[in-house]
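Asker: Sharing upload00.pdb below, PDB, C-alpha atoms and all ligand atoms:
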ATOM      1  CA  VAL Z 604     165.686 156.428-149.239
ATOM      2  CA  GLY Z 605     162.249 157.537-148.092
ATOM      3  CA  HIS Z 606     161.234 156.899-144.501
ATOM      4  CA  ASP Z 607     158.998 158.208-141.783
ATOM      5  CA  ARG Z 608     160.955 160.974-140.089
ATOM      6  CA  ALA Z 609     158.782 160.813-136.991
ATOM      7  CA  GLU Z 610     160.165 157.369-136.228
ATOM      8  CA  SER Z 611     163.864 157.896-136.289
ATOM      9  CA  LYS Z 612     166.401 160.262-137.706
ATOM     10  CA  ILE Z 613     169.940 160.236-138.999
ATOM     11  CA  PHE Z 614     172.092 162.954-137.517
ATOM     12  CA  TYR Z 615     175.700 164.058-137.681
ATOM     13  CA  ARG Z 616     177.043 165.044-134.302
ATOM     14  CA  THR Z 617     180.502 166.382-133.624
ATOM     15  CA  ALA Z 618     182.568 168.886-131.741
ATOM     16  CA  THR Z 619     184.398 171.294-134.007
ATOM     17  CA  SER Z 620     186.875 174.146-133.998
ATOM     18  CA  PHE Z 621     185.124 177.408-134.830
ATOM     19  CA  ASN Z 622     186.904 177.454-138.174
ATOM     20  CA  GLY Z 623     185.614 174.098-139.289
ATOM     21  CA  PHE Z 624     187.987 171.305-138.343
ATOM     22  CA  ILE Z 625     187.077 168.249-136.270
ATOM     23  CA  ALA Z 626     190.652 167.023-135.842
ATOM     24  CA  ASP Z 627     194.024 168.667-136.370
ATOM     25  CA  GLU Z 628     196.660 167.723-138.955
ATOM     26  CA  ASP Z 629     197.761 164.801-136.754
ATOM     27  CA  ASN Z 630     194.175 163.486-136.424
ATOM     28  CA  SER Z 631     194.280 164.659-132.817
ATOM     29  CA  VAL Z 632     191.351 166.015-130.816
ATOM     30  CA  GLY Z 633     193.612 166.950-127.898
ATOM     31  CA  TRP Z 634     192.678 170.627-128.368
ATOM     32  CA  LEU Z 635     189.121 169.728-127.281
ATOM     33  CA  PHE Z 636     190.236 168.657-123.833
ATOM     34  CA  GLY Z 637     191.461 172.166-123.021
ATOM     35  CA  VAL Z 638     188.007 173.693-123.543
ATOM     36  CA  ASP Z 639     186.195 174.696-120.340
ATOM     37  CA  SER Z 640     182.789 173.015-120.205
ATOM     38  CA  GLY Z 641     181.685 175.121-117.238
ATOM     39  CA  GLY Z 642     181.726 172.176-114.876
ATOM     40  CA  GLN Z 643     178.729 170.717-116.679
ATOM     41  CA  ALA Z 644     178.625 167.026-117.442
ATOM     42  CA  PRO Z 645     178.902 166.219-121.124
ATOM     43  CA  PRO Z 646     175.554 165.465-122.778
ATOM     44  CA  ASP Z 647     174.567 161.813-123.054
ATOM     45  CA  VAL Z 648     175.332 161.716-126.745
ATOM     46  CA  LEU Z 649     174.182 158.133-127.173
ATOM     47  CA  ALA Z 650     170.714 158.585-125.642
ATOM     48  CA  GLY Z 651     168.158 157.447-128.209
ATOM     49  CA  VAL Z 652     170.903 156.263-130.557
ATOM     50  CA  GLY Z 653     170.551 152.748-131.946
ATOM     51  CA  VAL Z 654     173.425 152.726-134.408
ATOM     52  CA  ILE Z 655     176.686 154.629-134.769
ATOM     53  CA  VAL Z 656     178.262 155.202-138.182
ATOM     54  CA  VAL Z 657     181.886 156.242-138.649
ATOM     55  CA  GLY Z 658     184.637 156.330-141.241
ATOM     56  CA  SER Z 659     187.789 154.329-140.716
ATOM     57  CA  THR Z 660     189.978 157.201-139.470
ATOM     58  CA  THR Z 661     187.524 157.910-136.672
ATOM     59  CA  TYR Z 662     187.139 154.200-135.903
ATOM     60  CA  GLU Z 663     190.868 153.574-135.735
ATOM     61  CA  TRP Z 664     191.339 156.607-133.504
ATOM     62  CA  VAL Z 665     188.684 155.409-131.040
ATOM     63  CA  VAL Z 666     190.078 151.866-130.975
ATOM     64  CA  GLN Z 667     193.599 153.089-130.423
ATOM     65  CA  ALA Z 668     192.768 155.864-127.924
ATOM     66  CA  MET Z 669     190.820 153.461-125.705
ATOM     67  CA  ASN Z 670     193.148 150.492-126.324
ATOM     68  CA  LEU Z 671     190.086 148.482-127.295
ATOM     69  CA  LEU Z 672     191.799 145.596-129.068
ATOM     70  CA  ALA Z 673     193.676 144.741-125.853
ATOM     71  CA  GLU Z 674     190.823 145.722-123.516
ATOM     72  CA  PRO Z 675     187.661 144.855-125.472
ATOM     73  CA  GLN Z 676     185.465 144.844-122.363
ATOM     74  CA  LYS Z 677     185.670 148.663-122.405
ATOM     75  CA  TRP Z 678     183.643 148.707-125.611
ATOM     76  CA  GLN Z 679     180.449 147.645-123.829
ATOM     77  CA  HIS Z 680     180.883 150.368-121.215
ATOM     78  CA  VAL Z 681     180.898 153.044-123.891
ATOM     79  CA  TYR Z 682     178.695 151.674-126.666
ATOM     80  CA  GLY Z 683     176.674 148.917-125.011
ATOM     81  CA  ALA Z 684     175.273 146.504-127.574
ATOM     82  CA  ARG Z 685     174.845 149.172-130.267
ATOM     83  CA  PRO Z 686     176.076 148.176-133.688
ATOM     84  CA  MET Z 687     178.754 150.396-135.193
ATOM     85  CA  PHE Z 688     178.936 150.560-138.987
ATOM     86  CA  VAL Z 689     182.472 151.393-140.105
ATOM     87  CA  PHE Z 690     183.021 152.542-143.684
ATOM     88  CA  THR Z 691     186.374 151.328-144.969
ATOM     89  CA  THR Z 692     187.946 149.791-148.059
ATOM     90  CA  ARG Z 693     190.471 148.039-145.851
ATOM     91  CA  SER Z 694     190.386 144.985-143.630
ATOM     92  CA  LEU Z 695     190.389 146.185-140.006
ATOM     93  CA  ASP Z 696     190.259 144.409-136.669
ATOM     94  CA  ALA Z 697     187.316 144.715-134.288
ATOM     95  CA  PRO Z 698     187.419 144.382-130.498
ATOM     96  CA  GLU Z 699     186.243 140.959-129.363
ATOM     97  CA  GLY Z 700     182.515 140.895-128.669
ATOM     98  CA  ALA Z 701     181.855 144.296-130.240
ATOM     99  CA  ASP Z 702     179.124 144.519-132.894
ATOM    100  CA  VAL Z 703     181.264 146.227-135.543
ATOM    101  CA  ARG Z 704     180.121 145.939-139.149
ATOM    102  CA  PHE Z 705     182.623 146.890-141.843
ATOM    103  CA  VAL Z 706     181.028 148.199-145.019
ATOM    104  CA  ARG Z 707     182.271 149.944-148.157
ATOM    105  CA  GLY Z 708     181.011 151.786-151.184
ATOM    106  CA  ALA Z 709     177.871 153.838-151.683
ATOM    107  CA  VAL Z 710     176.095 154.823-148.465
ATOM    108  CA  GLY Z 711     172.801 154.167-150.228
ATOM    109  CA  ASP Z 712     173.697 150.491-150.577
ATOM    110  CA  HIS Z 713     173.896 150.191-146.779
ATOM    111  CA  LEU Z 714     171.126 152.520-145.698
ATOM    112  CA  ALA Z 715     168.467 149.847-145.326
ATOM    113  CA  ALA Z 716     170.754 147.712-143.143
ATOM    114  CA  ILE Z 717     171.691 150.746-141.042
ATOM    115  CA  ARG Z 718     168.052 151.731-140.530
ATOM    116  CA  THR Z 719     167.037 148.174-139.741
ATOM    117  CA  ALA Z 720     169.795 147.874-137.137
ATOM    118  CA  ALA Z 721     168.636 151.136-135.517
ATOM    119  CA  GLY Z 722     164.980 150.110-135.382
ATOM    120  CA  GLU Z 723     162.984 153.001-133.971
ATOM    121  CA  GLN Z 724     166.079 154.649-132.544
ATOM    122  CA  ASP Z 725     168.262 157.258-134.198
ATOM    123  CA  VAL Z 726     171.372 156.808-136.302
ATOM    124  CA  CYS Z 727     174.361 158.885-135.217
ATOM    125  CA  VAL Z 728     176.973 159.584-137.864
ATOM    126  CA  SER Z 729     179.891 160.695-135.730
ATOM    127  CA  GLY Z 730     182.362 161.482-138.445
ATOM    128  CA  GLY Z 731     184.227 162.242-140.440
ATOM    129  CA  GLY Z 732     182.765 165.180-142.261
ATOM    130  CA  ASP Z 733     182.915 163.697-145.733
ATOM    131  CA  LEU Z 734     181.059 160.572-144.620
ATOM    132  CA  ALA Z 735     178.323 162.778-143.135
ATOM    133  CA  GLY Z 736     178.362 164.570-146.492
ATOM    134  CA  GLN Z 737     177.808 161.262-148.286
ATOM    135  CA  PHE Z 738     174.577 160.864-146.270
ATOM    136  CA  LEU Z 739     173.549 164.410-147.203
ATOM    137  CA  ASP Z 740     174.310 163.698-150.879
ATOM    138  CA  ILE Z 741     171.607 161.033-151.001
ATOM    139  CA  GLY Z 742     169.083 163.003-148.964
ATOM    140  CA  ALA Z 743     169.545 160.810-145.888
ATOM    141  CA  LEU Z 744     170.804 163.353-143.342
ATOM    142  CA  ASP Z 745     168.093 164.869-141.129
ATOM    143  CA  GLN Z 746     170.037 166.849-138.547
ATOM    144  CA  ILE Z 747     173.468 168.288-137.764
ATOM    145  CA  VAL Z 748     174.441 168.879-134.129
ATOM    146  CA  LEU Z 749     177.592 170.905-133.523
ATOM    147  CA  GLY Z 750     179.519 171.708-130.378
ATOM    148  CA  ILE Z 751     181.613 174.691-131.396
ATOM    149  CA  ALA Z 752     184.845 175.156-129.449
ATOM    150  CA  PRO Z 753     186.671 178.496-129.122
ATOM    151  CA  VAL Z 754     189.608 177.012-131.000
ATOM    152  CA  ALA Z 755     190.977 177.666-134.475
ATOM    153  CA  LEU Z 756     193.163 175.096-136.199
ATOM    154  CA  ALA Z 757     195.476 175.729-139.124
ATOM    155  CA  GLY Z 758     194.322 172.574-140.872
ATOM    156  CA  GLY Z 759     193.068 169.053-140.347
ATOM    157  CA  ALA Z 760     189.924 167.002-140.916
ATOM    158  CA  PRO Z 761     187.119 169.133-142.370
ATOM    159  CA  LEU Z 762     183.819 169.534-140.511
ATOM    160  CA  PHE Z 763     181.615 169.197-143.576
ATOM    161  CA  PRO Z 764     183.229 169.463-147.015
ATOM    162  CA  ARG Z 765     180.053 170.209-148.965
ATOM    163  CA  ARG Z 766     178.260 173.276-150.275
ATOM    164  CA  VAL Z 767     174.908 173.648-148.536
ATOM    165  CA  GLU Z 768     173.002 176.906-148.623
ATOM    166  CA  ALA Z 769     170.640 178.512-146.143
ATOM    167  CA  ASP Z 770     167.474 177.205-147.792
ATOM    168  CA  ARG Z 771     168.394 173.733-146.565
ATOM    169  CA  LEU Z 772     169.563 174.392-143.010
ATOM    170  CA  HIS Z 773     167.385 175.686-140.203
ATOM    171  CA  VAL Z 774     168.569 176.404-136.678
ATOM    172  CA  THR Z 775     166.287 174.527-134.300
ATOM    173  CA  ASP Z 776     168.259 174.819-131.069
ATOM    174  CA  VAL Z 777     171.116 176.821-129.580
ATOM    175  CA  SER Z 778     172.624 176.287-126.151
ATOM    176  CA  ARG Z 779     175.806 176.917-124.271
ATOM    177  CA  ARG Z 780     177.912 174.601-122.132
ATOM    178  CA  GLY Z 781     180.802 176.543-120.665
ATOM    179  CA  GLN Z 782     182.877 177.670-123.617
ATOM    180  CA  PHE Z 783     181.090 175.359-126.058
ATOM    181  CA  VAL Z 784     178.225 176.711-128.157
ATOM    182  CA  ASN Z 785     175.882 173.966-129.327
ATOM    183  CA  ILE Z 786     173.831 174.440-132.456
ATOM    184  CA  THR Z 787     171.298 172.042-133.915
ATOM    185  CA  TYR Z 788     170.346 172.363-137.564
ATOM    186  CA  ALA Z 789     167.457 170.587-139.237
ATOM    187  CA  VAL Z 790     168.439 169.586-142.746
ATOM    188  CA  GLY Z 791     165.879 170.032-145.470
ATOM    189  CA  ASN Z 792     166.289 167.400-148.110
ATOM    190  CA  PRO Z 793     165.144 168.252-151.612
ATOM    191  CA  GLY Z 794     161.835 166.589-152.313
TER
HETATM  192  N1  LIG X 801     185.870 166.581-133.021
HETATM  193  C1  LIG X 801     185.166 165.477-132.856
HETATM  194  O1  LIG X 801     184.284 165.377-132.001
HETATM  195  C2  LIG X 801     185.415 164.323-133.785
HETATM  196  C3  LIG X 801     184.360 163.468-134.111
HETATM  197  C4  LIG X 801     184.600 162.436-135.002
HETATM  198  C5  LIG X 801     185.858 162.265-135.543
HETATM  199  N2  LIG X 801     186.865 163.089-135.191
HETATM  200  C6  LIG X 801     188.207 162.937-135.801
HETATM  201  O2  LIG X 801     188.122 163.543-137.082
HETATM  202  C7  LIG X 801     188.915 162.812-138.011
HETATM  203  C8  LIG X 801     188.053 162.408-139.199
HETATM  204  O3  LIG X 801     188.839 161.744-140.107
HETATM  205  P1  LIG X 801     188.508 161.728-141.675
HETATM  206  O4  LIG X 801     188.185 163.105-142.128
HETATM  207  O5  LIG X 801     189.627 160.985-142.310
HETATM  208  O6  LIG X 801     187.155 160.905-141.801
HETATM  209  P2  LIG X 801     186.642 159.429-141.482
HETATM  210  O7  LIG X 801     185.275 159.382-142.077
HETATM  211  O8  LIG X 801     186.776 159.090-140.049
HETATM  212  O9  LIG X 801     187.602 158.447-142.297
HETATM  213  C9  LIG X 801     187.697 158.572-143.698
HETATM  214  C10 LIG X 801     188.002 157.201-144.286
HETATM  215  O10 LIG X 801     186.851 156.367-144.194
HETATM  216  C11 LIG X 801     186.819 155.490-145.306
HETATM  217  N3  LIG X 801     185.593 155.745-146.059
HETATM  218  C12 LIG X 801     184.829 156.884-146.063
HETATM  219  N4  LIG X 801     183.755 156.732-146.853
HETATM  220  C13 LIG X 801     183.825 155.479-147.366
HETATM  221  C14 LIG X 801     182.996 154.726-148.241
HETATM  222  N5  LIG X 801     181.864 155.237-148.749
HETATM  223  N6  LIG X 801     183.372 153.447-148.521
HETATM  224  C15 LIG X 801     184.502 152.915-148.004
HETATM  225  N7  LIG X 801     185.328 153.593-147.164
HETATM  226  C16 LIG X 801     184.990 154.851-146.866
HETATM  227  C17 LIG X 801     188.070 155.784-146.131
HETATM  228  O11 LIG X 801     189.163 155.041-145.578
HETATM  229  P3  LIG X 801     189.783 153.614-146.022
HETATM  230  O12 LIG X 801     191.182 153.886-146.368
HETATM  231  O13 LIG X 801     189.674 152.794-144.772
HETATM  232  O14 LIG X 801     188.978 153.085-147.162
HETATM  233  C18 LIG X 801     188.326 157.230-145.756
HETATM  234  O15 LIG X 801     189.661 157.620-145.958
HETATM  235  C19 LIG X 801     189.505 161.643-137.235
HETATM  236  O16 LIG X 801     190.800 161.975-136.820
HETATM  237  C20 LIG X 801     188.608 161.511-136.027
HETATM  238  O17 LIG X 801     189.268 160.955-134.904
HETATM  239  C21 LIG X 801     186.656 164.138-134.354
END
For the file at hand, write its structure as structure tokens.
Ligand SMILES: NC(=O)c1ccc[n+]([C@@H]2O[C@H](COP(=O)([O-])OP(=O)(O)OC[C@H]3O[C@@H](n4cnc5c(N)ncnc54)[C@H](OP(=O)(O)O)[C@@H]3O)[C@@H](O)[C@H]2O)c1

Answerer:
Amino acid sequence: VGHDRAESKIFYRTATSFNGFIADEDNSVGWLFGVDSGGQAPPDVLAGVGVIVVGSTTYEWVVQAMNLLAEPQKWQHVYGARPMFVFTTRSLDAPEGADVRFVRGAVGDHLAAIRTAAGEQDVCVSGGGDLAGQFLDIGALDQIVLGIAPVALAGGAPLFPRRVEADRLHVTDVSRRGQFVNITYAVGNPG
């Protein structure tokens, strides 16, 4: 698991309701679109990112929301040539021409391949929360970047279903974009 943190990092980045859900009970993120971003352009979330990692619910939502199986050329516009590792126990379709790598089982069994694919760039785990937690469990999560929306949801997909106490999380950046509050935490992994 050990690596040189100066070279590249693995981070979990997501928008979230202030009460800790990243999607509602219907797996929808429609509530995010009603949040005022103050006229500011969204951050370039893929800058410096060499690999994206997602769970299958997130993957299937992206593919369906952007109609990527029917319009695979859109994939390159959003992700470029970046590989996406998708954790799933099922057999799923990938858009034609997209570098989608389906993997299953322990995150640790795939970490070397994920790091190799990213090279000197970062690895972005974009959800869900439990998958990000699986990286934390093996000491492989370096940073958590949250965009907190002024929205509460009654239920849905959890932001980060783990117990992590204050000795392991340090706020390294706070900023505001309209009604979003962005917080970056450095994760201390037990040595
Ligand atoms: N607010 C935001 O910015 C934001 C960001 C990201 C995602 N989202 C949304 O949040 C929701 C997250 O969904 P989710 O909580 O269900 O999480 P998810 O990680 O997207 O999907 C969970 C699924 O991934 C598969 N999986 C996870 N770990 C695995 C492993 N180690 N090996 C094999 N398969 C594994 C399993 O599905 P199988 O049945 O395929 O095995 C599991 O049920 C989605 O609706 C997504 O669209 C929102």

Asker: Tell me, as a list in words, which residues lie within 9 Å of segment 709-714 of chain Z, counting all atoms listed in the file; anything in the same chain fewer than 2 positions away does not count.

Answerer: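 In the requested format, the answer is Val604, Phe690, Val706, Arg707, Ala716, Ile717, Arg718, Thr719, Leu734, Gln737, Phe738, Ile741 and Ala743 of chain Z.
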
Asker: Evaluate the PyMOL selection byres (((chain Z and resi 656) around 8) and not hetatm) here and jot the selected residues down as a list in words.

Answerer: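 Evaluating the PyMOL selection byres (((chain Z and resi 656) around 8) and not hetatm) on these coordinates yields Val654, Ile655, Val657, Gly658, Met687, Phe688, Val689, Phe690, Val726, Cys727, Val728, Ser729 and Gly730 of chain Z.
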
Asker: Between Z:Ala715, Z:Leu749, Z:Ala720, Z:Val790, which is the closest to ligand LIG 801 (chain X) once you count all atoms listed in the file?

Answerer: Z:Leu749

Asker: Taking only C-alpha atoms and all ligand atoms and a cut-off of 8 Å, can you tell me which residues surround ligand LIG 801 (chain X), written as an NGL selection string?

Answerer: :Z and (616-620 or 624-627 or 629-632 or 635 or 657-665 or 689-694 or 706-710 or 729-735 or 737 or 759-762)

Asker: If the PyMOL selection byres (((chain Z and resi 770-787) around 6) and not hetatm) is run on the structure shown, which residues does it catch, given as JSON, numbers by chain?

Answerer: {"Z": [639, 640, 641, 747, 748, 749, 750, 751, 752, 768, 769, 788, 789, 790, 791]}

Asker: May I ask which of the residues Z:Val703, Z:Leu649, Z:Asp696, Z:Phe763 is the closest one to Val681 of chain Z, counting only C-alpha atoms?

Answerer: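 Result for the nearest residue to Val681 of chain Z: Z:Leu649.
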
Asker: Need the shell around Leu739 of chain Z: protein/DNA/RNA residues with any atom at most 9 Å away, counting all atoms listed in the file. Skip same-chain ones fewer than 6 positions apart. Format as a ChimeraX atom specification?

Answerer: /Z:745,765,790,792

Asker: Determine the residue membership of the PyMOL selection byres (((chain Z and resi 700) around 9) and not hetatm) for the file above and supply it as a tab-separated table (two decimals) with C-alpha atoms, in the frame of the given file.

Answerer:
chain	number	residue	atom	x	y	z
Z	675	PRO	CA	187.66	144.85	-125.47
Z	676	GLN	CA	185.46	144.84	-122.36
Z	678	TRP	CA	183.64	148.71	-125.61
Z	679	GLN	CA	180.45	147.65	-123.83
Z	697	ALA	CA	187.32	144.72	-134.29
Z	698	PRO	CA	187.42	144.38	-130.50
Z	699	GLU	CA	186.24	140.96	-129.36
Z	701	ALA	CA	181.86	144.30	-130.24
Z	702	ASP	CA	179.12	144.52	-132.89
Z	703	VAL	CA	181.26	146.23	-135.54

Asker: Have a look at atom CA of Phe614 of chain Z and atom CA of Asp725 of chain Z and let me know their distance in Å, one decimal.

Answerer: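 Taking atom CA of Phe614 of chain Z and atom CA of Asp725 of chain Z, their separation equals 7.6 Å.
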
Asker: Between atom CA of Gly653 of chain Z and atom CA of Gly722 of chain Z, what is the distance in Å, rounded to a tenth?

Answerer: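 So the two atoms, atom CA of Gly653 of chain Z and atom CA of Gly722 of chain Z, lie 7.1 Å apart.
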
Asker: Give me, please, the distance in Å between atom CA of Lys612 of chain Z and atom CA of Ala684 of chain Z, quoted to one decimal.

Answerer: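 So the answer is 19.3 Å.
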
Asker: Let me make sure I understand: among Z:Val666, Z:Phe705, Z:Ala673, Z:Gly651, which one has the smallest atom-to-atom distance to Ile613 of chain Z if we use all atoms listed in the file?

Answerer: Z:Gly651

Asker: Ranking Z:Gln643, Z:Val638, Z:Pro753, Z:Arg704 by minimum distance to Phe621 of chain Z and counting only C-alpha atoms, which one comes first?

Answerer: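 Looking only at the distances to Phe621 of chain Z, the closest residue turns out to be Z:Pro753.
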